[in-house]
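Following: one structure in structure tokens, then a few remarks.
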Amino acid sequence: MTDEPIIKVQDVHKWYGNFHALKGINMEVKRREVIVIFGPSGSGKSTFIRTLNRLEEHQRGKIVVDGIELSHDVRNIEQIRMETGMVFQQFNLFPHLTVMQNIVLAPIQVRKWTKQKAEEVAMQLLERVGIPEQAYKFPGQLSGGQQQRVAIARSLAMQPKIMLFDEPTSALDPEMIKEVLDVMVELAKSGMTILAVTHEMGFARAVADRMLFFDKGEIVEQGTPEQIFNNPKEDRTKLFLSQILRH
Amino acid sequence: MANSATILPPVTERSNILRWMRKNLFGSWYDSLFTILGAWIVYWAVGGFLKWVLNVAEWDVIIVNARLLFIGQYPIEQSGRLWVWLGFLVFLSGNSLAVWARSSRFAFVLLLLPAFLAFLFPFGDEPRKWLMILCLTGLAGWGIGRARPEVLKRSVIAGWVISLPIIVLLTYGLSESESSIVPVVRTNLWGGLLLTFLLTVVGIMFSFPLGVLLALGRRSELPIIRWFSIVYIEVVRGVPLITILFMAQLMLPLFLPTGWTVDRVIRAMVGITLFSAAYLAENVRGGLQAIPKGQFEAAEALGLNGAQTMYFIILPQALRLVIPILVGQFIAVFKDTSLVAIVGLLDLVGIAKTVLAQPEFLGLQREVYVFISLIFWVLSYGMSYLSQRLEERLGVGAQ
């Protein structure tokens, strides 16, 4: 039962008008697996991760998350969104709410927790991401790194089974990237199922079980970090790695 | 390090009025010319106006007709009911000032205003007594608010929410029988500032939620709702308010089954509400469009449904963005209510016309219209000022 994949993706296609953004994606994710997705911009990697919680609709193929198939059924979509947390490049915190209100909103409204329980959990999560002292500030008063850590805590408050990261460090100043990656590494080691679109190869090397290389709407190559870094098979992978690892 | 003490900030010039004037008013020969010219024009215009106000104008017309201008033909023996709800509003204002306003000196001056008015203007004994009571009520509300600001927050908001029904019930009355404490006063007796105020408050209170719904409807994914909203907004915005008021007064009776009548004041209220809602809808839509897509996505990714996303995330941000425009629309509603005078209702402008039609007040248009303009200006500026305070207040932490 636990060996059953938590995410199953079969022949998923997506078009934007005439542009074929995803060209038949097939993959599976096991429980507790950490997957890093990388590739050039416009390769469809963000689009793909966003189809998993239906922020983007796929037009062909089948996606099953934790036994629930993504379809037009709104209840299925809501169910899946409760099971998956998502962290965005631009943090997307709610600027009119305090850090604490940002975190407790969904647990209270969606999971129907009491305010007290939600706030206790929120405080534990803020301690886990290292900023309990910021609980009653507004997002605008925090640094980028702190905001992204709040965003992670906000997603974790819903107690998701899967965490999706969509370029979580791309909008950060260089000195703040580490504090966010540290949280992600800790999360990966705690056994969370993670799919992360990122070019932080240090993170991939440290915790990824598997890496997927996306190009032109397809998974060109996949393998363990060792295989990908030391022995890439495809020319496109080699070229891309040489471009991002040159510095 | 050693030198840090020797680098001094630039010396700030001590400002005094002569230096300020030389710099800003007489900096060059043409600055001086414009200053003198401007001063002369201001003296000429303001001086002429003041001379008229103090020496020429016959303000008796206002004093004699004060009751008509304020409450129309509302029976004087029932006017205590109006003072009661006014007292309730003043009490709530005192509460609100204590809970939210930063400067207590400002609150104090505002709450003493009724007393100032009572002594400054030649009111009769009865209004004077009520104005003093209002002043005390306001101060009491303020004192209670100061004592318990956190506890009172919710009850003050609840008070404002129920204030509209209270106002309407007290003004209209509860029972047909003459012996009841608050017998019905028919709306054809409502007039003057009272009617203007009620048309405005009802118009704003009902058109606001309707406008928000229309704005959401215009963005709806359901074609029927979207098209209904678009057609409604574009049709209503395409016609002048006065035609809507005429239609409500003249055409509506043709469509209603015989024997059915709708009160004329209510017809005007409905017309104003429906008209204002279309404008508010577009204002709110402007705010909705300014919210980044990421806010919707973050809310959806957390599992919030569409209604929750709107209510908790999008609308609070969108409405805050458009406060200045919304208040502009509210002020427009307030001033546009004067159009009901054309369809025969006796609001502030309508009453002014009837006052001027009396033979003994012929030729006093200037006095009467200056006076009602002053009332419109004071209340409009009050709304504008409150909205600025509100913006400052809500701006906290939003940067």
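Lettering and numbering for the structure tokens are positional, with chains as A, B, ... in the shown order, residues counted from 1 in each chain, and ligands counted from 1 in the shown order.
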
Next on the checklist: Counting only C-alpha atoms, a student should be able to say which residues of chain B come within 8 Å of chain A; what is the right answer, written as a ChimeraX atom specification?
Outcome noted: /B:294-295,297-298,300-305,308,313,316-317,397-399

With all heavy atoms kept, could you save the residues just selected as a CSV table (one decimal), in the first residue's frame?
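Output (selection.csv):
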```
chain,number,residue,atom,x,y,z
B,294,GLY,N,-1.0,36.2,-8.6
B,294,GLY,CA,-0.4,35.3,-7.6
B,294,GLY,C,-1.2,35.2,-6.3
B,294,GLY,O,-1.2,34.2,-5.6
B,295,GLN,N,-2.0,36.3,-6.0
B,295,GLN,CA,-2.8,36.3,-4.8
B,295,GLN,C,-3.9,35.2,-4.9
B,295,GLN,O,-4.2,34.5,-4.0
B,295,GLN,CB,-3.4,37.6,-4.5
B,295,GLN,CG,-2.4,38.7,-4.2
B,295,GLN,CD,-1.9,38.5,-2.8
B,295,GLN,OE1,-2.6,38.3,-1.8
B,295,GLN,NE2,-0.6,38.4,-2.6
B,297,GLU,N,-3.8,32.6,-6.9
B,297,GLU,CA,-3.1,31.3,-7.0
B,297,GLU,C,-2.8,30.8,-5.6
B,297,GLU,O,-3.0,29.6,-5.3
B,297,GLU,CB,-1.9,31.3,-7.9
B,297,GLU,CG,-2.3,31.5,-9.4
B,297,GLU,CD,-1.1,31.6,-10.3
B,297,GLU,OE1,0.1,31.7,-9.8
B,297,GLU,OE2,-1.3,31.5,-11.5
B,298,ALA,N,-2.2,31.7,-4.8
B,298,ALA,CA,-1.8,31.3,-3.5
B,298,ALA,C,-3.0,30.9,-2.7
B,298,ALA,O,-3.0,29.8,-2.0
B,298,ALA,CB,-1.1,32.5,-2.8
B,300,GLU,N,-5.9,29.7,-3.8
B,300,GLU,CA,-6.4,28.5,-4.4
B,300,GLU,C,-5.5,27.3,-4.0
B,300,GLU,O,-6.0,26.2,-3.6
B,300,GLU,CB,-6.5,28.6,-5.9
B,300,GLU,CG,-7.7,29.4,-6.3
B,300,GLU,CD,-7.7,29.7,-7.8
B,300,GLU,OE1,-6.9,29.1,-8.5
B,300,GLU,OE2,-8.4,30.6,-8.2
B,301,ALA,N,-4.2,27.5,-4.0
B,301,ALA,CA,-3.3,26.4,-3.7
B,301,ALA,C,-3.5,26.0,-2.3
B,301,ALA,O,-3.2,24.9,-1.9
B,301,ALA,CB,-1.9,26.9,-4.0
B,302,LEU,N,-3.9,26.9,-1.4
B,302,LEU,CA,-4.1,26.6,0.0
B,302,LEU,C,-5.4,25.8,0.2
B,302,LEU,O,-5.7,25.4,1.3
B,302,LEU,CB,-4.1,27.8,0.9
B,302,LEU,CG,-2.8,28.4,1.2
B,302,LEU,CD1,-2.9,29.8,1.8
B,302,LEU,CD2,-2.0,27.5,2.1
B,303,GLY,N,-6.3,25.7,-0.8
B,303,GLY,CA,-7.5,25.0,-0.7
B,303,GLY,C,-8.7,25.9,-0.5
B,303,GLY,O,-9.8,25.4,-0.2
B,304,LEU,N,-8.5,27.2,-0.4
B,304,LEU,CA,-9.7,28.1,-0.3
B,304,LEU,C,-10.5,28.0,-1.5
B,304,LEU,O,-10.0,28.0,-2.6
B,304,LEU,CB,-9.2,29.5,0.0
B,304,LEU,CG,-8.4,29.8,1.2
B,304,LEU,CD1,-7.9,31.3,1.2
B,304,LEU,CD2,-9.2,29.7,2.5
B,305,ASN,N,-11.9,28.0,-1.3
B,305,ASN,CA,-12.7,28.0,-2.5
B,305,ASN,C,-12.9,29.4,-3.0
B,305,ASN,O,-12.4,30.4,-2.4
B,305,ASN,CB,-14.1,27.3,-2.2
B,305,ASN,CG,-14.9,28.1,-1.1
B,305,ASN,OD1,-14.8,29.3,-1.1
B,305,ASN,ND2,-15.6,27.3,-0.4
B,308,GLN,N,-14.4,32.0,-0.6
B,308,GLN,CA,-13.4,32.3,0.5
B,308,GLN,C,-12.3,33.2,0.0
B,308,GLN,O,-11.8,34.1,0.7
B,308,GLN,CB,-12.9,31.0,1.1
B,308,GLN,CG,-13.9,30.3,1.9
B,308,GLN,CD,-13.4,28.9,2.3
B,308,GLN,OE1,-12.6,28.3,1.6
B,308,GLN,NE2,-13.9,28.4,3.4
B,313,ILE,N,-9.3,37.3,0.8
B,313,ILE,CA,-8.0,37.7,0.2
B,313,ILE,C,-8.2,38.9,-0.8
B,313,ILE,O,-7.5,39.9,-0.7
B,313,ILE,CB,-7.4,36.5,-0.5
B,313,ILE,CG1,-7.3,35.3,0.4
B,313,ILE,CG2,-6.0,36.9,-1.1
B,313,ILE,CD1,-6.5,35.5,1.6
B,316,PRO,N,-10.7,42.5,0.4
B,316,PRO,CA,-10.2,43.4,1.3
B,316,PRO,C,-9.0,44.3,0.7
B,316,PRO,O,-8.9,45.5,0.9
B,316,PRO,CB,-9.6,42.5,2.4
B,316,PRO,CG,-10.3,41.3,2.3
B,316,PRO,CD,-10.7,41.1,0.9
B,317,GLN,N,-8.2,43.6,-0.2
B,317,GLN,CA,-7.2,44.4,-0.8
B,317,GLN,C,-7.7,45.3,-1.9
B,317,GLN,O,-7.3,46.5,-2.1
B,317,GLN,CB,-6.2,43.4,-1.4
B,317,GLN,CG,-5.5,42.6,-0.4
B,317,GLN,CD,-4.4,41.7,-1.1
B,317,GLN,OE1,-3.4,42.2,-1.7
B,317,GLN,NE2,-4.6,40.4,-1.0
B,397,GLY,N,1.2,48.9,7.6
B,397,GLY,CA,1.6,47.5,7.3
B,397,GLY,C,1.4,47.0,5.9
B,397,GLY,O,1.7,45.9,5.6
B,398,ALA,N,0.7,47.9,5.1
B,398,ALA,CA,0.4,47.4,3.8
B,398,ALA,C,1.5,47.6,2.8
B,398,ALA,O,1.4,47.1,1.7
B,398,ALA,CB,-0.9,48.1,3.3
B,399,GLN,N,2.5,48.4,3.2
B,399,GLN,CA,3.5,48.7,2.2
B,399,GLN,C,4.3,47.5,1.7
B,399,GLN,O,4.7,46.7,2.5
B,399,GLN,CB,4.5,49.7,2.8
B,399,GLN,CG,4.0,51.0,3.3
B,399,GLN,CD,3.3,50.9,4.6
B,399,GLN,OE1,3.6,50.0,5.3
B,399,GLN,NE2,2.5,51.9,5.0
```

Shell around Leu82 in chain B at 12 Å using only C-alpha atoms, local window under 2 positions removed, as an mmCIF file with N, CA, C and O atoms, in the first residue's frame:
```
data_model
loop_
_atom_site.group_PDB
_atom_site.id
_atom_site.type_symbol
_atom_site.label_atom_id
_atom_site.label_comp_id
_atom_site.auth_asym_id
_atom_site.auth_seq_id
_atom_site.Cartn_x
_atom_site.Cartn_y
_atom_site.Cartn_z
ATOM 1 N N PHE B 70 -34.277 72.082 7.502
ATOM 2 C CA PHE B 70 -33.653 70.911 8.124
ATOM 3 C C PHE B 70 -34.530 69.669 8.050
ATOM 4 O O PHE B 70 -34.031 68.593 7.740
ATOM 5 N N ILE B 71 -35.825 69.796 8.357
ATOM 6 C CA ILE B 71 -36.638 68.574 8.387
ATOM 7 C C ILE B 71 -37.891 68.645 7.519
ATOM 8 O O ILE B 71 -38.710 67.738 7.540
ATOM 9 N N TYR B 74 -41.890 67.653 8.485
ATOM 10 C CA TYR B 74 -41.947 66.630 9.538
ATOM 11 C C TYR B 74 -42.553 67.268 10.778
ATOM 12 O O TYR B 74 -42.121 68.330 11.215
ATOM 13 N N PRO B 75 -43.603 66.647 11.366
ATOM 14 C CA PRO B 75 -44.309 67.310 12.476
ATOM 15 C C PRO B 75 -43.361 67.653 13.628
ATOM 16 O O PRO B 75 -42.593 66.808 14.079
ATOM 17 N N ILE B 76 -43.445 68.874 14.073
ATOM 18 C CA ILE B 76 -42.485 69.361 15.056
ATOM 19 C C ILE B 76 -42.598 68.600 16.368
ATOM 20 O O ILE B 76 -41.610 68.324 17.036
ATOM 21 N N GLU B 77 -43.864 68.156 16.705
ATOM 22 C CA GLU B 77 -44.014 67.462 17.987
ATOM 23 C C GLU B 77 -43.400 66.061 17.937
ATOM 24 O O GLU B 77 -43.209 65.418 18.954
ATOM 25 N N GLN B 78 -43.087 65.585 16.706
ATOM 26 C CA GLN B 78 -42.442 64.271 16.577
ATOM 27 C C GLN B 78 -40.931 64.382 16.384
ATOM 28 O O GLN B 78 -40.245 63.377 16.260
ATOM 29 N N SER B 79 -40.435 65.607 16.343
ATOM 30 C CA SER B 79 -39.036 65.760 15.940
ATOM 31 C C SER B 79 -38.068 65.199 16.978
ATOM 32 O O SER B 79 -36.910 64.942 16.673
ATOM 33 N N GLY B 80 -38.559 64.965 18.197
ATOM 34 C CA GLY B 80 -37.703 64.356 19.210
ATOM 35 C C GLY B 80 -37.116 63.037 18.738
ATOM 36 O O GLY B 80 -35.975 62.691 19.044
ATOM 37 N N VAL B 84 -33.291 61.700 18.713
ATOM 38 C CA VAL B 84 -32.847 60.466 19.372
ATOM 39 C C VAL B 84 -31.879 59.700 18.483
ATOM 40 O O VAL B 84 -30.805 59.291 18.909
ATOM 41 N N TRP B 85 -32.242 59.532 17.183
ATOM 42 C CA TRP B 85 -31.286 58.768 16.362
ATOM 43 C C TRP B 85 -30.022 59.562 16.078
ATOM 44 O O TRP B 85 -28.927 59.008 15.958
ATOM 45 N N LEU B 86 -30.176 60.881 15.993
ATOM 46 C CA LEU B 86 -28.971 61.701 15.835
ATOM 47 C C LEU B 86 -28.059 61.517 17.048
ATOM 48 O O LEU B 86 -26.835 61.381 16.910
ATOM 49 N N GLY B 87 -28.703 61.454 18.239
ATOM 50 C CA GLY B 87 -27.929 61.212 19.455
ATOM 51 C C GLY B 87 -27.223 59.871 19.400
ATOM 52 O O GLY B 87 -26.052 59.746 19.777
ATOM 53 N N PHE B 88 -27.929 58.850 18.884
ATOM 54 C CA PHE B 88 -27.318 57.527 18.747
ATOM 55 C C PHE B 88 -26.085 57.596 17.838
ATOM 56 O O PHE B 88 -25.026 57.052 18.151
ATOM 57 N N LEU B 89 -26.215 58.309 16.714
ATOM 58 C CA LEU B 89 -25.086 58.442 15.794
ATOM 59 C C LEU B 89 -23.923 59.186 16.456
ATOM 60 O O LEU B 89 -22.760 58.811 16.298
ATOM 61 N N PRO B 127 -34.231 73.253 20.093
ATOM 62 C CA PRO B 127 -33.034 72.710 19.443
ATOM 63 C C PRO B 127 -31.780 72.923 20.284
ATOM 64 O O PRO B 127 -30.906 72.059 20.318
ATOM 65 N N TRP B 130 -31.518 70.225 22.779
ATOM 66 C CA TRP B 130 -31.136 68.959 22.154
ATOM 67 C C TRP B 130 -29.666 68.967 21.746
ATOM 68 O O TRP B 130 -28.973 67.958 21.880
ATOM 69 N N LEU B 134 -26.859 66.344 22.711
ATOM 70 C CA LEU B 134 -26.004 65.650 21.733
ATOM 71 C C LEU B 134 -24.550 65.747 22.146
ATOM 72 O O LEU B 134 -23.796 64.770 22.088
ATOM 73 N N ILE B 166 -32.326 51.530 12.544
ATOM 74 C CA ILE B 166 -32.816 52.363 13.653
ATOM 75 C C ILE B 166 -33.273 53.722 13.128
ATOM 76 O O ILE B 166 -34.361 54.205 13.460
ATOM 77 N N ILE B 167 -32.439 54.325 12.268
ATOM 78 C CA ILE B 167 -32.785 55.636 11.714
ATOM 79 C C ILE B 167 -34.115 55.560 10.968
ATOM 80 O O ILE B 167 -35.016 56.372 11.174
ATOM 81 N N VAL B 168 -34.216 54.553 10.095
ATOM 82 C CA VAL B 168 -35.414 54.473 9.263
ATOM 83 C C VAL B 168 -36.651 54.213 10.121
ATOM 84 O O VAL B 168 -37.688 54.866 9.957
ATOM 85 N N LEU B 169 -36.527 53.278 11.082
ATOM 86 C CA LEU B 169 -37.680 52.953 11.917
ATOM 87 C C LEU B 169 -38.126 54.151 12.743
ATOM 88 O O LEU B 169 -39.315 54.440 12.838
ATOM 89 N N LEU B 170 -37.164 54.855 13.343
ATOM 90 C CA LEU B 170 -37.533 56.003 14.173
ATOM 91 C C LEU B 170 -38.144 57.112 13.325
ATOM 92 O O LEU B 170 -39.095 57.767 13.731
ATOM 93 N N THR B 171 -37.587 57.312 12.123
ATOM 94 C CA THR B 171 -38.100 58.389 11.287
ATOM 95 C C THR B 171 -39.496 58.057 10.774
ATOM 96 O O THR B 171 -40.383 58.907 10.777
ATOM 97 N N TYR B 172 -39.675 56.799 10.358
ATOM 98 C CA TYR B 172 -40.958 56.425 9.771
ATOM 99 C C TYR B 172 -42.007 56.152 10.847
ATOM 100 O O TYR B 172 -43.168 56.511 10.687
ATOM 101 N N GLY B 173 -41.575 55.533 11.933
ATOM 102 C CA GLY B 173 -42.534 55.207 12.980
ATOM 103 C C GLY B 173 -42.914 53.747 12.945
ATOM 104 O O GLY B 173 -42.639 53.049 11.961
ATOM 105 N N VAL B 182 -44.354 56.183 18.866
ATOM 106 C CA VAL B 182 -43.772 56.609 17.595
ATOM 107 C C VAL B 182 -44.753 56.327 16.466
ATOM 108 O O VAL B 182 -44.604 55.360 15.734
ATOM 109 N N VAL B 185 -45.011 58.594 10.453
ATOM 110 C CA VAL B 185 -44.983 59.883 9.761
ATOM 111 C C VAL B 185 -44.770 59.587 8.283
ATOM 112 O O VAL B 185 -43.743 59.043 7.898
ATOM 113 N N TRP B 190 -41.517 64.133 4.882
ATOM 114 C CA TRP B 190 -40.072 64.199 5.059
ATOM 115 C C TRP B 190 -39.533 65.260 4.105
ATOM 116 O O TRP B 190 -39.974 65.348 2.957
ATOM 117 N N LEU B 193 -32.951 68.791 4.811
ATOM 118 C CA LEU B 193 -31.712 68.041 5.026
ATOM 119 C C LEU B 193 -32.009 66.610 5.450
ATOM 120 O O LEU B 193 -31.303 65.675 5.073
ATOM 121 N N LEU B 194 -33.104 66.420 6.232
ATOM 122 C CA LEU B 194 -33.492 65.074 6.655
ATOM 123 C C LEU B 194 -33.663 64.159 5.454
ATOM 124 O O LEU B 194 -33.110 63.055 5.409
ATOM 125 N N LEU B 195 -34.402 64.617 4.455
ATOM 126 C CA LEU B 195 -34.649 63.781 3.281
ATOM 127 C C LEU B 195 -33.359 63.572 2.489
ATOM 128 O O LEU B 195 -33.058 62.447 2.062
ATOM 129 N N PHE B 197 -30.381 63.558 3.620
ATOM 130 C CA PHE B 197 -29.558 62.630 4.393
ATOM 131 C C PHE B 197 -30.026 61.191 4.208
ATOM 132 O O PHE B 197 -29.229 60.283 3.943
ATOM 133 N N LEU B 198 -31.346 60.981 4.309
ATOM 134 C CA LEU B 198 -31.853 59.613 4.204
ATOM 135 C C LEU B 198 -31.664 59.048 2.797
ATOM 136 O O LEU B 198 -31.291 57.886 2.638
#
```

Checklist entry - What residues in range 40-228 of chain A get the DSSP label strand (DSSP E)? Please answer as an NGL selection string. => result :A and (60-65 or 68-69 or 84-87 or 162-166 or 193-197 or 210-215 or 218-223)

Selection above as a file: C-alpha atoms, as an mmCIF file, in the first residue's frame:
```cif
data_model
loop_
_atom_site.group_PDB
_atom_site.id
_atom_site.type_symbol
_atom_site.label_atom_id
_atom_site.label_comp_id
_atom_site.auth_asym_id
_atom_site.auth_seq_id
_atom_site.Cartn_x
_atom_site.Cartn_y
_atom_site.Cartn_z
ATOM 1 C CA ARG A 60 -5.073 15.389 -22.308
ATOM 2 C CA GLY A 61 -3.823 12.556 -20.153
ATOM 3 C CA LYS A 62 -4.345 11.613 -16.557
ATOM 4 C CA ILE A 63 -3.043 12.912 -13.239
ATOM 5 C CA VAL A 64 -3.744 11.018 -10.015
ATOM 6 C CA VAL A 65 -2.657 12.541 -6.729
ATOM 7 C CA ILE A 68 -7.697 11.147 -6.452
ATOM 8 C CA GLU A 69 -7.892 11.836 -10.148
ATOM 9 C CA THR A 84 -0.562 19.587 -1.644
ATOM 10 C CA GLY A 85 1.219 22.701 -0.498
ATOM 11 C CA MET A 86 2.746 25.097 -2.973
ATOM 12 C CA VAL A 87 5.502 27.678 -2.608
ATOM 13 C CA ILE A 162 3.190 16.744 -0.904
ATOM 14 C CA MET A 163 5.057 20.038 -1.211
ATOM 15 C CA LEU A 164 5.480 21.712 -4.594
ATOM 16 C CA PHE A 165 8.165 24.386 -4.932
ATOM 17 C CA ASP A 166 8.074 26.616 -8.013
ATOM 18 C CA THR A 193 7.343 14.246 -0.545
ATOM 19 C CA ILE A 194 8.802 17.154 -2.516
ATOM 20 C CA LEU A 195 8.755 18.287 -6.121
ATOM 21 C CA ALA A 196 10.922 21.348 -6.596
ATOM 22 C CA VAL A 197 11.526 23.347 -9.741
ATOM 23 C CA ARG A 210 15.803 11.908 -8.579
ATOM 24 C CA MET A 211 16.260 14.751 -11.041
ATOM 25 C CA LEU A 212 14.129 15.440 -14.111
ATOM 26 C CA PHE A 213 15.511 17.490 -16.981
ATOM 27 C CA PHE A 214 12.788 19.301 -18.921
ATOM 28 C CA ASP A 215 13.239 20.785 -22.365
ATOM 29 C CA GLU A 218 9.264 16.941 -22.509
ATOM 30 C CA ILE A 219 11.193 15.057 -19.862
ATOM 31 C CA VAL A 220 14.443 14.640 -21.738
ATOM 32 C CA GLU A 221 16.336 12.755 -19.089
ATOM 33 C CA GLN A 222 15.952 11.597 -15.521
ATOM 34 C CA GLY A 223 18.142 9.940 -12.945
#
```

Next on the checklist: Taking the DSSP secondary structure from the backbone, can you list the residues of range 107-313 of chain B that are helix (DSSP H, G or I), as a ChimeraX atom specification?
Outcome noted: /B:107-120,125-147,149-172,187-189,192-218,223-237,241-255,264-289,293-301,306-313

Checklist entry - Contacts of range 144-150 of chain A at 7 Å or less, counting only C-alpha atoms, minus same-chain residues fewer than 5 places along, as a list of chain:residue names? => result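 Final neighbour list, sorted by chain and number: A:Phe91, A:Val99, A:Val129, A:Pro139, A:Leu172, A:Met176, A:Ile177, A:Glu179, A:Val180.
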
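Atom pair CA of Gly145 in chain B / CA of Val99 in chain B has a distance of 5.9 Å (rounded to one decimal).
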
Checklist entry - Looking at only C-alpha atoms, which of A:Gly202, A:Gly217, A:Gly24, A:Gly17 is the one that sits closest to Lys178 in chain A? => result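 So, comparing all the options, the nearest one is A:Gly202.
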
Next on the checklist: Applying 12 Å and only C-alpha atoms, which residues near range 211-215 of chain B remain after dropping the ones on its own chain fewer than 3 positions away? List them as a PyMOL selection string.
Outcome noted: chain B and resi 203-208+218-220+225-234+273-289+307+310-311+314-316+318-319+322+326+329

Checklist entry - In terms of the shortest atom-to-atom distance over only C-alpha atoms, which of A:Pro225, A:Gly191, A:Gly130, A:Gly44 is closest to Tyr16 in chain A? => result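 Among the listed residues, A:Gly44 lies closest to Tyr16 in chain A.
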
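Considering the residues B:Leu112, B:Ala101, B:Gly238, B:Trp377 and counting only C-alpha atoms, Glu392 in chain B has its shortest atom-to-atom contact with B:Ala101.
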
Item to check | Residues near Val370 in chain B, cut-off 12 Å, only C-alpha atoms, skip fewer than 6 positions along chain, as a PyMOL selection string | outcome: chain B and resi 49+52-53+57-59+61-62+349+352+364+376-377

Item to check | A:Asp209, A:Asp173, A:Glu28, A:Glu120 ranked by distance to Thr224 in chain A, top pick (using only C-alpha atoms) | outcome: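 Of all the options, A:Asp209 lies closest to Thr224 in chain A.
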
Checklist entry - Leaving out Arg264 in chain B and any residue of its chain fewer than 3 positions from it, which residues lie within 7 Å of it when counting only C-alpha atoms, given as number ranges by chain? => result B: 249, 267-268

Atoms to include: all heavy atoms. Write the selected residues as a JSON list (two decimals), in the first residue's frame.
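Listing of again30.json after writing:
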```json
[["chain", "number", "residue", "atom", "x", "y", "z"],
["B", 249, "GLN", "N", -40.59, 57.73, -11.16],
["B", 249, "GLN", "CA", -41.76, 58.46, -10.70],
["B", 249, "GLN", "C", -42.94, 58.34, -11.65],
["B", 249, "GLN", "O", -44.08, 58.23, -11.23],
["B", 249, "GLN", "CB", -41.43, 59.95, -10.51],
["B", 249, "GLN", "CG", -40.34, 60.24, -9.50],
["B", 249, "GLN", "CD", -40.69, 59.80, -8.08],
["B", 249, "GLN", "OE1", -41.85, 59.61, -7.75],
["B", 249, "GLN", "NE2", -39.69, 59.61, -7.25],
["B", 267, "ARG", "N", -39.29, 55.15, -4.20],
["B", 267, "ARG", "CA", -38.95, 55.07, -5.63],
["B", 267, "ARG", "C", -37.66, 55.84, -5.91],
["B", 267, "ARG", "O", -36.80, 55.37, -6.65],
["B", 267, "ARG", "CB", -40.09, 55.64, -6.47],
["B", 267, "ARG", "CG", -41.17, 54.62, -6.75],
["B", 267, "ARG", "CD", -42.17, 55.20, -7.70],
["B", 267, "ARG", "NE", -43.42, 55.51, -6.99],
["B", 267, "ARG", "CZ", -44.37, 56.27, -7.48],
["B", 267, "ARG", "NH1", -44.24, 56.82, -8.66],
["B", 267, "ARG", "NH2", -45.47, 56.48, -6.80],
["B", 268, "ALA", "N", -37.55, 57.02, -5.30],
["B", 268, "ALA", "CA", -36.33, 57.80, -5.52],
["B", 268, "ALA", "C", -35.12, 57.06, -4.94],
["B", 268, "ALA", "O", -34.05, 57.01, -5.56],
["B", 268, "ALA", "CB", -36.47, 59.17, -4.86]]
```
